[in-house]
>>> print(open('my_file06.txt').read())   # compact mmCIF, C-alpha atoms
# COMPACT_ATOMS: atom_id res chain seq x y z
CA MET A 298 0.00 0.00 0.00
CA GLU A 299 0.96 3.64 -0.16
CA PHE A 300 0.08 6.31 2.39
CA ARG A 301 0.55 10.02 1.72
CA ILE A 302 0.15 12.73 4.36
CA LEU A 303 2.57 15.36 3.00
CA GLY A 304 -0.34 17.26 1.51
CA PRO A 305 -3.95 16.09 1.40
CA MET A 306 -4.22 12.52 2.67
CA GLU A 307 -4.11 9.86 -0.04
CA VAL A 308 -4.19 6.09 0.34
CA PHE A 309 -3.58 3.56 -2.45
CA ASP A 310 -4.03 -0.19 -2.30
CA ALA A 311 -1.53 -2.76 -3.53
CA ASN A 312 -2.79 -2.32 -7.10
CA GLY A 313 -2.37 1.43 -7.03
CA HIS A 314 -6.08 2.15 -6.74
CA PRO A 315 -7.10 5.12 -4.53
CA VAL A 316 -8.86 4.00 -1.35
CA THR A 317 -8.66 7.17 0.72
CA PRO A 318 -11.22 7.14 3.56
CA ALA A 319 -14.04 9.68 3.42
CA GLY A 320 -14.83 11.99 6.32
CA GLY A 321 -12.49 14.27 8.24
CA ARG A 322 -12.74 12.39 11.55
CA LEU A 323 -11.97 9.06 9.89
CA ARG A 324 -8.95 10.51 8.08
CA ALA A 325 -7.79 12.14 11.32
CA LEU A 326 -7.90 8.77 13.06
CA LEU A 327 -5.89 7.21 10.24
CA ALA A 328 -3.39 10.07 10.43
CA ILE A 329 -2.80 9.42 14.14
CA LEU A 330 -2.18 5.75 13.42
CA LEU A 331 0.19 6.63 10.57
CA LEU A 332 2.16 9.04 12.74
CA HIS A 333 2.56 6.14 15.17
CA ALA A 334 2.93 3.45 12.53
CA ASN A 335 3.74 -0.02 13.87
CA GLU A 336 3.15 1.18 17.45
CA ALA A 337 0.33 0.21 19.79
CA VAL A 338 -1.97 3.22 20.21
CA THR A 339 -4.61 3.01 22.93
CA ALA A 340 -8.22 3.96 22.35
CA ASP A 341 -7.78 6.66 24.99
CA ARG A 342 -4.83 8.12 23.04
CA LEU A 343 -6.86 8.11 19.85
CA SER A 344 -9.71 9.84 21.66
CA GLU A 345 -7.34 12.49 23.02
CA GLY A 346 -5.88 13.05 19.56
CA LEU A 347 -9.32 13.50 18.03
CA TRP A 348 -11.05 15.60 20.68
CA GLY A 349 -8.59 16.55 23.43
CA GLU A 350 -10.38 17.62 26.59
CA ASP A 351 -13.62 18.01 24.66
CA ALA A 352 -14.06 14.28 24.08
CA PRO A 353 -17.72 13.22 24.29
CA ALA A 354 -18.85 10.59 26.78
CA THR A 355 -19.19 8.15 23.88
CA ALA A 356 -15.64 8.83 22.56
CA ILE A 357 -14.31 5.29 23.01
CA LYS A 358 -17.37 3.83 21.29
CA VAL A 359 -16.96 6.30 18.43
CA VAL A 360 -13.27 5.35 18.12
CA GLN A 361 -14.24 1.67 17.93
CA ASN A 362 -16.76 2.44 15.19
CA LEU A 363 -14.18 4.46 13.26
CA VAL A 364 -11.66 1.63 13.54
CA SER A 365 -14.27 -0.76 12.16
CA GLN A 366 -14.78 1.54 9.18
CA LEU A 367 -11.03 1.79 8.59
CA ARG A 368 -10.73 -1.99 8.49
CA LYS A 369 -12.87 -1.99 5.35
CA THR A 370 -9.97 -0.18 3.67
CA LEU A 371 -6.96 -1.49 5.57
CA ALA A 372 -8.05 -5.10 6.22
CA ASP A 373 -5.32 -7.03 8.08
CA ARG A 374 -3.07 -3.96 8.26
CA LEU A 375 -5.03 -2.68 11.28
CA GLU A 376 -4.64 -4.99 14.27
CA THR A 377 -6.28 -4.93 17.71
CA ARG A 378 -4.03 -5.64 20.65
CA GLY A 379 -5.93 -5.54 23.93
CA HIS A 380 -7.27 -2.00 24.22
CA SER A 381 -4.85 -0.70 21.57
CA TYR A 382 -4.60 -0.63 17.80
CA VAL A 383 -1.57 -1.11 15.57
CA LEU A 384 -1.38 0.02 11.95
CA ARG A 385 1.23 -2.05 10.14
CA VAL A 386 3.12 0.03 7.60
CA GLU A 387 5.97 -1.49 5.60
CA PRO A 388 9.21 0.44 4.93
CA GLY A 389 8.75 2.96 2.12
CA GLU A 390 4.94 2.94 2.21
CA LEU A 391 4.54 6.25 4.10
CA ASP A 392 5.70 9.43 2.35
CA LEU A 393 6.77 11.05 5.63
CA GLU A 394 9.08 8.12 6.35
CA ARG A 395 10.50 8.25 2.81
CA PHE A 396 11.06 11.99 3.18
CA GLN A 397 12.97 11.59 6.44
CA THR A 398 15.04 8.73 5.00
CA LEU A 399 16.02 10.79 1.96
CA VAL A 400 16.99 13.78 4.11
CA GLY A 401 19.12 11.51 6.28
CA GLN A 402 20.79 10.04 3.20
CA ALA A 403 21.43 13.54 1.85
CA ARG A 404 23.16 14.55 5.08
CA THR A 405 25.37 11.47 4.89
CA CYS A 406 26.27 12.33 1.30
CA ARG A 407 27.05 15.89 2.29
CA ALA A 408 29.26 14.73 5.16
CA ASP A 409 31.11 12.59 2.58
CA ARG A 410 31.42 15.70 0.32
CA ASP A 411 29.26 14.10 -2.38
CA LEU A 412 27.30 17.30 -2.94
CA GLN A 413 25.69 16.25 -6.22
CA ALA A 414 24.16 13.19 -4.57
CA ALA A 415 23.09 15.26 -1.56
CA ALA A 416 21.35 17.78 -3.83
CA ALA A 417 19.56 14.98 -5.71
CA LYS A 418 18.36 13.33 -2.49
CA LEU A 419 17.07 16.62 -1.09
CA SER A 420 15.26 17.47 -4.32
CA GLU A 421 13.62 14.04 -4.26
CA ALA A 422 12.61 14.55 -0.64
CA VAL A 423 11.12 18.01 -1.22
CA ALA A 424 9.20 16.72 -4.26
CA LEU A 425 7.19 14.41 -1.98
CA TRP A 426 5.36 17.43 -0.56
CA ARG A 427 2.09 18.21 -2.35
CA GLY A 428 1.07 21.08 -0.07
CA PRO A 429 0.76 21.57 3.71
CA ALA A 430 0.81 18.25 5.57
CA LEU A 431 -2.66 16.85 6.30
CA ALA A 432 -4.09 19.80 4.39
CA ASP A 433 -7.50 18.23 3.88
CA LEU A 434 -8.13 17.83 7.62
CA GLY A 435 -8.81 21.56 7.92
CA GLN A 436 -9.58 22.51 11.51
CA GLU A 437 -9.43 18.96 12.86
CA ARG A 438 -7.55 19.07 16.16
CA LEU A 439 -4.87 16.69 14.91
CA ALA A 440 -4.02 18.81 11.87
CA LEU A 441 -3.63 21.92 14.01
CA GLN A 442 -1.37 20.02 16.43
CA GLU A 443 0.91 18.42 13.86
CA ALA A 444 1.15 21.17 11.26
CA ASP A 445 3.97 23.16 12.83
CA TRP A 446 6.57 20.43 13.34
CA MET A 447 5.87 18.86 9.96
CA GLU A 448 6.18 22.23 8.23
CA GLU A 449 9.48 22.75 10.07
CA LEU A 450 10.76 19.52 8.49
CA ARG A 451 9.88 20.84 5.03
CA LEU A 452 11.47 24.24 5.58
CA ALA A 453 14.65 22.73 7.01
CA ALA A 454 14.96 20.51 3.93
CA LEU A 455 14.45 23.50 1.61
CA GLU A 456 17.11 25.46 3.50
CA GLU A 457 19.50 22.53 3.32
CA ARG A 458 18.88 22.03 -0.39
CA ALA A 459 19.63 25.71 -1.06
CA SER A 460 22.76 25.46 1.05
CA VAL A 461 24.01 22.45 -0.93
CA HIS A 462 23.35 24.21 -4.25
CA LEU A 463 25.26 27.24 -2.95
CA ASP A 464 28.14 24.93 -1.98
CA LEU A 465 28.06 23.67 -5.56
CA GLY A 466 28.51 27.25 -6.79
CA GLY A 467 24.87 28.09 -7.48
CA GLY A 468 23.59 31.64 -7.32
CA ALA A 469 21.31 33.28 -9.84
CA ASP A 470 19.30 30.06 -10.29
CA LEU A 471 18.33 30.15 -6.59
CA VAL A 472 17.26 33.77 -6.25
CA SER A 473 13.62 33.40 -7.28
CA GLU A 474 12.95 30.40 -5.00
CA LEU A 475 14.71 31.99 -2.04
CA GLU A 476 12.89 35.29 -2.48
CA GLN A 477 9.59 33.43 -2.34
CA LEU A 478 10.64 31.48 0.75
CA VAL A 479 11.81 34.65 2.51
CA HIS A 480 8.48 36.28 1.68
CA GLU A 481 6.67 33.30 3.28
CA GLN A 482 9.08 32.95 6.23
CA PRO A 483 10.53 36.42 6.91
CA LEU A 484 11.96 35.53 10.33
CA ARG A 485 14.16 32.59 9.26
CA GLU A 486 17.69 33.99 9.27
CA ARG A 487 19.20 31.06 7.37
CA LEU A 488 16.94 31.74 4.40
CA ARG A 489 17.88 35.42 4.52
CA ALA A 490 21.58 34.55 4.52
CA GLU A 491 21.17 32.14 1.62
CA LEU A 492 19.30 34.78 -0.38
CA MET A 493 22.07 37.31 0.25
CA LEU A 494 24.72 34.87 -0.97
CA ALA A 495 22.67 33.91 -4.02
CA LEU A 496 22.23 37.57 -4.94
CA TYR A 497 25.95 38.18 -4.49
CA ARG A 498 26.79 35.17 -6.67
CA ALA A 499 24.45 36.57 -9.31
CA GLY A 500 26.47 39.80 -9.38
CA ARG A 501 23.81 41.75 -7.48
CA GLN A 502 25.88 43.03 -4.56
CA ALA A 503 23.68 46.07 -3.97
CA ASP A 504 20.58 43.86 -3.80
CA ALA A 505 22.39 41.52 -1.39
CA LEU A 506 23.15 44.42 0.96
CA ASP A 507 19.58 45.65 0.64
CA ALA A 508 18.37 42.15 1.54
CA TYR A 509 20.42 42.37 4.73
CA ARG A 510 18.99 45.78 5.62
CA LYS A 511 15.47 44.44 5.13
CA ALA A 512 16.28 41.38 7.22
CA ARG A 513 17.61 43.48 10.07
CA ALA A 514 14.62 45.84 9.97
CA THR A 515 12.18 42.91 10.08
CA LEU A 516 13.93 41.19 12.98
CA VAL A 517 14.19 44.37 15.02
CA GLU A 518 10.61 45.40 14.33
CA GLN A 519 8.93 42.03 14.84
CA LEU A 520 11.18 40.32 17.41
CA GLY A 521 13.16 43.17 18.93
CA ILE A 522 16.48 41.46 18.20
CA GLU A 523 19.51 42.11 16.03
CA PRO A 524 20.49 39.60 13.34
CA GLY A 525 22.56 36.67 14.57
CA GLU A 526 26.28 36.30 13.94
CA ASP A 527 25.90 34.04 10.91
CA LEU A 528 23.58 36.46 9.13
CA ARG A 529 25.80 39.47 9.97
>>> encode(input="my_file06.txt", output="structure tokens")
Amino acid sequence: MEFRILGPMEVFDANGHPVTPAGGRLRALLAILLLHANEAVTADRLSEGLWGEDAPATAIKVVQNLVSQLRKTLADRLETRGHSYVLRVEPGELDLERFQTLVGQARTCRADRDLQAAAAKLSEAVALWRGPALADLGQERLALQEADWMEELRLAALEERASVHLDLGGGADLVSELEQLVHEQPLRERLRAELMLALYRAGRQADALDAYRKARATLVEQLGIEPGEDLR
């Protein structure tokens, strides 16, 4: 099977046919199980992930009903162990796991000074993202909880990919992407520094200095701090 959560949730069976569950609550339950793939997750933990302190009196019964519905899609992949449930996911079936593996491989390549391989691995990892993680869960409690740390993974990979391309001598080819990322994430100093270097490499020294002035003004205005040593 294939499970995708780096964007709207998508599930495909062994034949490649889409079998994504319908209903936000059902997808949220599946997302919790995927984030704890191959681990025993109690019904109480699933209830807390779905409702938090606002869980209804019938929460455990609702969880049991949702699990029954999921079994229609997942069959023997979803096991019951006492009062817990285990979703069996094989290596490479979950896009988040593939993403993290590729980033880890890229860092190994970079440590070995194989920058071309590192850049290829990072590009492959970033390409797995189809939008914000769990985007189709909207205001479901789980999506709001998990969005920040998963987005941080994506941004860190984008920063690292830009850094590798800069190490390879890139410059002008990175400016447009980095400008967009800085616009979206104005407080990330590493992105600002990478943009400055890319502009400089493109022969745009004045624009690079202006990028620093804008970075400093933003940090002082919004956070009340001066740029860090690396950015300076």
>>> residues_around(input="my_file06.txt", residues="A:Ala495", least_positions_apart="2", cutoff="8 Å", atoms="all atoms listed in the file", output="list in words")
Leu463, Gly467, Gly468, Ala469, Leu471, Val472, Glu491, Leu492, Met493, Tyr497, Arg498 and Ala499 of chain A
>>> residues_around(input="my_file06.txt", residues="stretch 446-459 of chain A", least_positions_apart="2", cutoff="7 Å", atoms="only C-alpha atoms", output="list of chain:residue names")
A:Ala416, A:Leu419, A:Val423, A:Ala430, A:Glu443, A:Ala444, A:Val461, A:His462, A:Leu463, A:Leu488
>>> closest_residue(input="my_file06.txt", among="A:Ala311, A:Val316, A:Val364, A:Val386", to="A:Leu332", atoms="all atoms listed in the file")
A:Val386
>>> atom_distance(input="my_file06.txt", atom1="atom CA of A:Ala408", atom2="atom CA of A:Arg487")
19.3 Å
>>> closest_residue(input="my_file06.txt", among="A:Pro318, A:Glu390, A:Lys418, A:Val360", to="A:Ala403", atoms="all atoms listed in the file")
A:Lys418
>>> atom_distance(input="my_file06.txt", atom1="atom CA of A:Glu523", atom2="atom CA of A:Glu486")
10.7 Å
>>> closest_residue(input="my_file06.txt", among="A:Glu299, A:Glu345, A:Asp351, A:Asp392", to="A:Leu431", atoms="all atoms listed in the file")
A:Asp392
>>> closest_residue(input="my_file06.txt", among="A:Ala334, A:Asp373, A:Arg485, A:Ala340", to="A:Thr515", atoms="all atoms listed in the file")
A:Arg485
>>> atom_distance(input="my_file06.txt", atom1="atom CA of A:Leu391", atom2="atom CA of A:Leu303")
9.4 Å
>>> closest_residue(input="my_file06.txt", among="A:Asp411, A:Asp470, A:Glu336, A:Asp310", to="A:Leu384", atoms="all atoms listed in the file")
A:Glu336
>>> residues_around(input="my_file06.txt", residues="A:Asn335", least_positions_apart="6", cutoff="12 Å", atoms="only C-alpha atoms", output="list in words")
Ile329, Arg374, Leu375, Glu376, Thr377, Arg378, Ser381, Tyr382, Val383, Leu384, Arg385, Val386, Glu387, Pro388 and Leu391 of chain A
>>> axis_aligned_box(input="my_file06.txt", around="stretch 326-335 of chain A", padding_each_side="3 Å", output="lines of an AutoDock Vina configuration file")
center_x = -2.1
center_y = 5.0
center_z = 12.7
size_x = 17.6
size_y = 16.1
size_z = 10.9
>>> residues_around(input="my_file06.txt", residues="A:Gly389", least_positions_apart="3", cutoff="12 Å", atoms="all atoms listed in the file", output="PDB file with C-alpha atoms, in the coordinates of the input")
ATOM      1  CA  MET A 298       0.000   0.000   0.000  1.00  0.00           C
ATOM      2  CA  GLU A 299       0.960   3.640  -0.160  1.00  0.00           C
ATOM      3  CA  PHE A 300       0.080   6.310   2.390  1.00  0.00           C
ATOM      4  CA  ARG A 301       0.550  10.020   1.720  1.00  0.00           C
ATOM      5  CA  ALA A 334       2.930   3.450  12.530  1.00  0.00           C
ATOM      6  CA  VAL A 386       3.120   0.030   7.600  1.00  0.00           C
ATOM      7  CA  ASP A 392       5.700   9.430   2.350  1.00  0.00           C
ATOM      8  CA  LEU A 393       6.770  11.050   5.630  1.00  0.00           C
ATOM      9  CA  GLU A 394       9.080   8.120   6.350  1.00  0.00           C
ATOM     10  CA  ARG A 395      10.500   8.250   2.810  1.00  0.00           C
ATOM     11  CA  PHE A 396      11.060  11.990   3.180  1.00  0.00           C
ATOM     12  CA  GLN A 397      12.970  11.590   6.440  1.00  0.00           C
ATOM     13  CA  THR A 398      15.040   8.730   5.000  1.00  0.00           C
ATOM     14  CA  LEU A 399      16.020  10.790   1.960  1.00  0.00           C
TER      15      LEU A 399
END
>>> closest_residue(input="my_file06.txt", among="A:Leu484, A:Ala372, A:Ala503, A:Ala424", to="A:Ile522", atoms="all atoms listed in the file")
A:Leu484
